[in-house]
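First comes the structure, then the notes that go with it.
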Amino acid sequence: MAKINSNYDKLSAGYLFPEISRRVKVYSEKNPGIEILRLGVGNTTEALPSEIIKGLHASVDKLSNVKTYTGYGDEQGNKNLREAIVSYYKDLGAEILPDEVFVSDGAKCDVANIQSIFSNECKVAVQDPAYPVYVDTNVIAGRTGKNTGVTYDGLVYMGCNLENNFFPSLPTEKVDLIYICSPNNPTGAVATREQLKEFVDYAIKNKSVIIFDAAYNEFISDSTLPKTIYVIPGAKECAIEINSFSKSAGFTGVRLGWSIVPKNCVCEDASIGKLNSMWNRRQTTMFNGASNIVQDGGVAALSKEGLKECKEIIEYYMENSRIIKKGLEEKGLKVVSGGVNAPYLWVKTPNGMKSWDLFDKMLTEAHVVITPGSGFGPSGEGYFRVSAFGHRENVIKAVESIKNNLKL
Ligand code: PLP
């Protein structure tokens, strides 16, 4: 008799983005002809730069010739891409070995799957608010108790708020797996070296592991802020880093990411090399490698010219961010975090409104879609996230509509 994984029943009814789509659909059906302006999802919109296109094309051409054709590659990623990632880290000031790099078809799967190499007894701590995948995958794995409607029993929520400038203090109880995302989705807050050092020291002392999500690191323009946790002394002993080509190189639809599992990364019952070999086992058992075409695109993205072109696109989104920030502030809304070294702006709802009420108000009055903060965790209530990804003209239209039509 087959039985289901009943942990799925603990999950909150709707994942945030399907619920947003549902509400937009209902509104559009009732109000045909109204143009919906989107500042909601973190989806890239600008065309891939020429260096990446060249890399992708050349890779397709290689497949057309029997002499250069390739089939399955290494599950861990093609050698030249892993070396390009190693050299990317070197430029950031971190020493990574090629066999510490695991290429994937995007950060979401790695973020979701990495917990599977840890015991179900691990106590999990997440930033609150946070990218929902950290929580939901641990719920599915059975590392939490019941859903109280706002939180899950057994999870440690590290509150990010105005008082701590949207980066959490260390947990007051002992935790085993700590998820940190910097620049953070949704708050756009970026951890300083000192803040990360505190967590690294905590993790080493408690034999905990930090899962560091650096998917937005290329949006950091302030050179004093760390783009990788591995510039922090000791981080290779306690941190796994996950990154993506999605936001930095426009690969949201192309799909490519990577994880770094350092050989020296250890925990309570894993000595040197163990976590690295377990992730290797996991990937070789359950993953057959990212597309060879896409991996060649990744190599092009990490080339000198590729990085330069990608930076220009990032700068385009960051100009959107400045336009949004200025417009919201002119309207009297408070942008409390983000938008400077990150493509997200974290905004206080006016007059103490609930996040979803503000969502509905934005949709019906300004026809603008934002993301309700409460969808990212209990501390997100009373805030909303605005995304700087979008075509300039649409961003300007949305900001103007908020300024002209939102009734405060
Ligand atoms: N991590 C964070 C914090 C994200 O916001 C996202 C996507 O929005 C991802 C990971 C997933 O990235 P990918 O497109 O590589 O799966």
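Labeling convention for the structure tokens: chains A, B, ... as they appear, residues from 1 per chain, ligands from 1 in order of appearance.
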**Asked** Counting only C-alpha atoms and all ligand atoms, which protein, DNA or RNA residues come within 6 Å of ligand 1, given as an MDAnalysis selection string?
**Response** chainID A and resid 42 106:108 131 185 213 215 244 246 252 257
Can those selected residues be exported to a file as a short mmCIF file (atom, residue, chain, number, x, y, z; two decimals), in the first residue's frame so that it contains all heavy atoms?
data_model
loop_
_atom_site.label_atom_id
_atom_site.label_comp_id
_atom_site.auth_asym_id
_atom_site.auth_seq_id
_atom_site.Cartn_x
_atom_site.Cartn_y
_atom_site.Cartn_z
N GLY A 42 10.96 38.44 -9.79
CA GLY A 42 12.37 38.69 -10.08
C GLY A 42 12.80 38.00 -11.35
O GLY A 42 13.76 37.23 -11.35
N GLY A 106 20.67 25.40 -12.18
CA GLY A 106 20.08 26.55 -11.49
C GLY A 106 20.20 26.41 -9.99
O GLY A 106 20.33 25.30 -9.47
N ALA A 107 20.15 27.55 -9.34
CA ALA A 107 20.36 27.55 -7.88
C ALA A 107 19.16 26.98 -7.12
O ALA A 107 19.32 26.45 -6.03
CB ALA A 107 20.64 28.97 -7.41
N LYS A 108 17.96 27.09 -7.71
CA LYS A 108 16.79 26.65 -6.95
C LYS A 108 16.89 25.16 -6.58
O LYS A 108 16.61 24.79 -5.44
CB LYS A 108 15.50 26.91 -7.75
CG LYS A 108 14.24 26.70 -6.94
CD LYS A 108 13.02 27.09 -7.75
CE LYS A 108 11.76 27.14 -6.91
NZ LYS A 108 10.61 27.61 -7.70
N TYR A 131 13.69 33.86 1.00
CA TYR A 131 13.29 33.13 -0.21
C TYR A 131 12.57 31.85 0.26
O TYR A 131 13.14 31.06 1.03
CB TYR A 131 14.57 32.80 -0.98
CG TYR A 131 14.45 32.05 -2.27
CD1 TYR A 131 13.57 32.44 -3.28
CD2 TYR A 131 15.29 30.95 -2.52
CE1 TYR A 131 13.51 31.75 -4.47
CE2 TYR A 131 15.24 30.26 -3.72
CZ TYR A 131 14.35 30.67 -4.69
OH TYR A 131 14.30 29.98 -5.88
N ASN A 185 17.00 38.22 -0.87
CA ASN A 185 15.69 38.24 -1.47
C ASN A 185 14.75 37.88 -0.32
O ASN A 185 14.87 36.79 0.22
CB ASN A 185 15.60 37.18 -2.58
CG ASN A 185 14.21 37.09 -3.16
OD1 ASN A 185 13.35 37.92 -2.91
ND2 ASN A 185 13.97 36.05 -3.96
N ASP A 213 23.41 31.65 0.11
CA ASP A 213 22.83 31.85 -1.23
C ASP A 213 23.30 33.20 -1.75
O ASP A 213 22.93 34.26 -1.23
CB ASP A 213 21.30 31.80 -1.10
CG ASP A 213 20.60 31.84 -2.45
OD1 ASP A 213 21.21 32.30 -3.43
OD2 ASP A 213 19.42 31.43 -2.50
N ALA A 215 22.94 34.31 -4.96
CA ALA A 215 22.38 34.44 -6.31
C ALA A 215 22.39 35.88 -6.85
O ALA A 215 22.37 36.09 -8.06
CB ALA A 215 20.95 33.89 -6.33
N SER A 244 24.12 31.40 -9.00
CA SER A 244 23.29 31.21 -10.19
C SER A 244 23.72 32.15 -11.31
O SER A 244 24.21 33.25 -11.03
CB SER A 244 21.84 31.54 -9.80
OG SER A 244 21.04 31.61 -10.93
N SER A 246 21.37 33.07 -13.27
CA SER A 246 20.05 33.61 -13.65
C SER A 246 20.00 35.13 -13.64
O SER A 246 19.60 35.74 -14.62
CB SER A 246 18.98 33.08 -12.70
OG SER A 246 18.65 31.76 -13.05
N THR A 252 17.71 33.17 -16.48
CA THR A 252 16.52 32.66 -15.79
C THR A 252 15.83 31.57 -16.61
O THR A 252 15.35 30.58 -16.06
CB THR A 252 15.52 33.80 -15.47
OG1 THR A 252 15.49 34.68 -16.59
CG2 THR A 252 15.94 34.59 -14.25
N GLY A 257 23.54 27.11 -12.77
CA GLY A 257 23.97 27.58 -11.45
C GLY A 257 25.10 26.71 -10.95
O GLY A 257 25.61 25.86 -11.69
#
For this session: Identify, on the basis of only C-alpha atoms, every residue whose closest approach to Gly338 in chain A does not exceed 9 Å; exclude the query and any residue fewer than 6 positions from it along the same chain; express the result as a ChimeraX atom specification.
Result: /A:183-184,186-190,344-347
- prompt: Which polymer residues have any atom within 8 Å of an atom of Ile396 in chain A, counting only C-alpha atoms, with same-chain residues fewer than 4 positions away left out, as a ChimeraX atom specification?
  reply: /A:323-324,392,400
* Asked: If you count only C-alpha atoms, which residues fall within 7 Å of range 291-304 of chain A, apart from same-chain ones fewer than 5 positions away, as a count of residues only?
  -> 11
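Those residues that approach Ala125 in chain A to within 7 Å, counting only C-alpha atoms, are Lys123, Gln127, Leu155, Val156, Tyr157, Met158, Val175, Leu177, Ile178 and Tyr179 of chain A; same-chain residues fewer than 2 positions away are not listed.
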Go ahead and write the selection's residues with N, CA and C atoms as an mmCIF file, in the first residue's frame.
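The resulting file, part16.cif, is shown below:
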data_model
loop_
_atom_site.group_PDB
_atom_site.id
_atom_site.type_symbol
_atom_site.label_atom_id
_atom_site.label_comp_id
_atom_site.auth_asym_id
_atom_site.auth_seq_id
_atom_site.Cartn_x
_atom_site.Cartn_y
_atom_site.Cartn_z
ATOM 1 N N LYS A 123 18.422 21.118 13.332
ATOM 2 C CA LYS A 123 17.564 22.278 13.603
ATOM 3 C C LYS A 123 17.928 23.345 12.571
ATOM 4 N N GLN A 127 16.629 33.204 7.705
ATOM 5 C CA GLN A 127 16.358 34.631 7.832
ATOM 6 C C GLN A 127 14.859 34.810 7.640
ATOM 7 N N LEU A 155 11.118 25.386 13.459
ATOM 8 C CA LEU A 155 12.045 26.205 12.668
ATOM 9 C C LEU A 155 12.466 27.416 13.488
ATOM 10 N N VAL A 156 13.692 27.858 13.309
ATOM 11 C CA VAL A 156 14.128 29.071 13.997
ATOM 12 C C VAL A 156 14.090 30.221 12.988
ATOM 13 N N TYR A 157 13.284 31.215 13.296
ATOM 14 C CA TYR A 157 13.139 32.377 12.408
ATOM 15 C C TYR A 157 14.039 33.491 12.919
ATOM 16 N N MET A 158 15.009 33.873 12.119
ATOM 17 C CA MET A 158 15.925 34.941 12.532
ATOM 18 C C MET A 158 15.387 36.245 11.939
ATOM 19 N N VAL A 175 21.596 26.028 16.661
ATOM 20 C CA VAL A 175 20.991 25.566 15.404
ATOM 21 C C VAL A 175 22.059 24.875 14.574
ATOM 22 N N LEU A 177 21.638 24.009 10.764
ATOM 23 C CA LEU A 177 21.717 24.487 9.373
ATOM 24 C C LEU A 177 21.224 25.922 9.356
ATOM 25 N N ILE A 178 22.031 26.804 8.796
ATOM 26 C CA ILE A 178 21.677 28.230 8.806
ATOM 27 C C ILE A 178 21.646 28.733 7.364
ATOM 28 N N TYR A 179 20.501 29.198 6.928
ATOM 29 C CA TYR A 179 20.384 29.740 5.571
ATOM 30 C C TYR A 179 20.595 31.252 5.613
#
Requested in this report: From the DSSP assignment of the backbone, select every residue of range 209-263 of chain A that is alpha helix (DSSP H), and format the answer as a PyMOL selection string.
Outcome: chain A and resi 246-249
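Nearest-residue note for Gln283 in chain A: choosing from A:Val101, A:Val126, A:Cys265, A:Val399, the minimum distance belongs to A:Val101, counting only C-alpha atoms.
Restricting the calculation to only C-alpha atoms, the smallest distance between Met318 in chain A and any of A:Ser221, A:Asn404, A:Asn288, A:Asn276 is found for A:Ser221.
Closest approach to Leu196 in chain A among A:Pro226, A:Gly253, A:Pro171, A:Gly327 is made by A:Pro226 (distances from only C-alpha atoms).
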Give the strand (DSSP E) residues of range 303-379 of chain A, as assigned by DSSP on the backbone, as a PDB file with C-alpha atoms, in the first residue's frame.
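Result saved to states03.pdb:
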ATOM      1  CA  LYS A 334       9.234  54.404   2.820  1.00  0.00           C
ATOM      2  CA  VAL A 335      11.870  52.261   1.118  1.00  0.00           C
ATOM      3  CA  VAL A 336      13.437  50.771   4.235  1.00  0.00           C
ATOM      4  CA  SER A 337      16.010  48.446   2.644  1.00  0.00           C
ATOM      5  CA  GLY A 338      17.544  47.337  -0.637  1.00  0.00           C
ATOM      6  CA  TYR A 344      14.893  44.414  -4.790  1.00  0.00           C
ATOM      7  CA  LEU A 345      13.403  47.242  -2.771  1.00  0.00           C
ATOM      8  CA  TRP A 346      11.776  46.523   0.563  1.00  0.00           C
ATOM      9  CA  VAL A 347       9.009  48.988   1.287  1.00  0.00           C
ATOM     10  CA  LYS A 348       6.842  49.640   4.350  1.00  0.00           C
ATOM     11  CA  VAL A 368       0.632  47.529 -10.479  1.00  0.00           C
ATOM     12  CA  VAL A 369       1.682  44.079  -9.243  1.00  0.00           C
ATOM     13  CA  THR A 371       4.980  41.131  -4.005  1.00  0.00           C
ATOM     14  CA  PRO A 372       3.427  41.055  -0.537  1.00  0.00           C
TER      15      PRO A 372
END
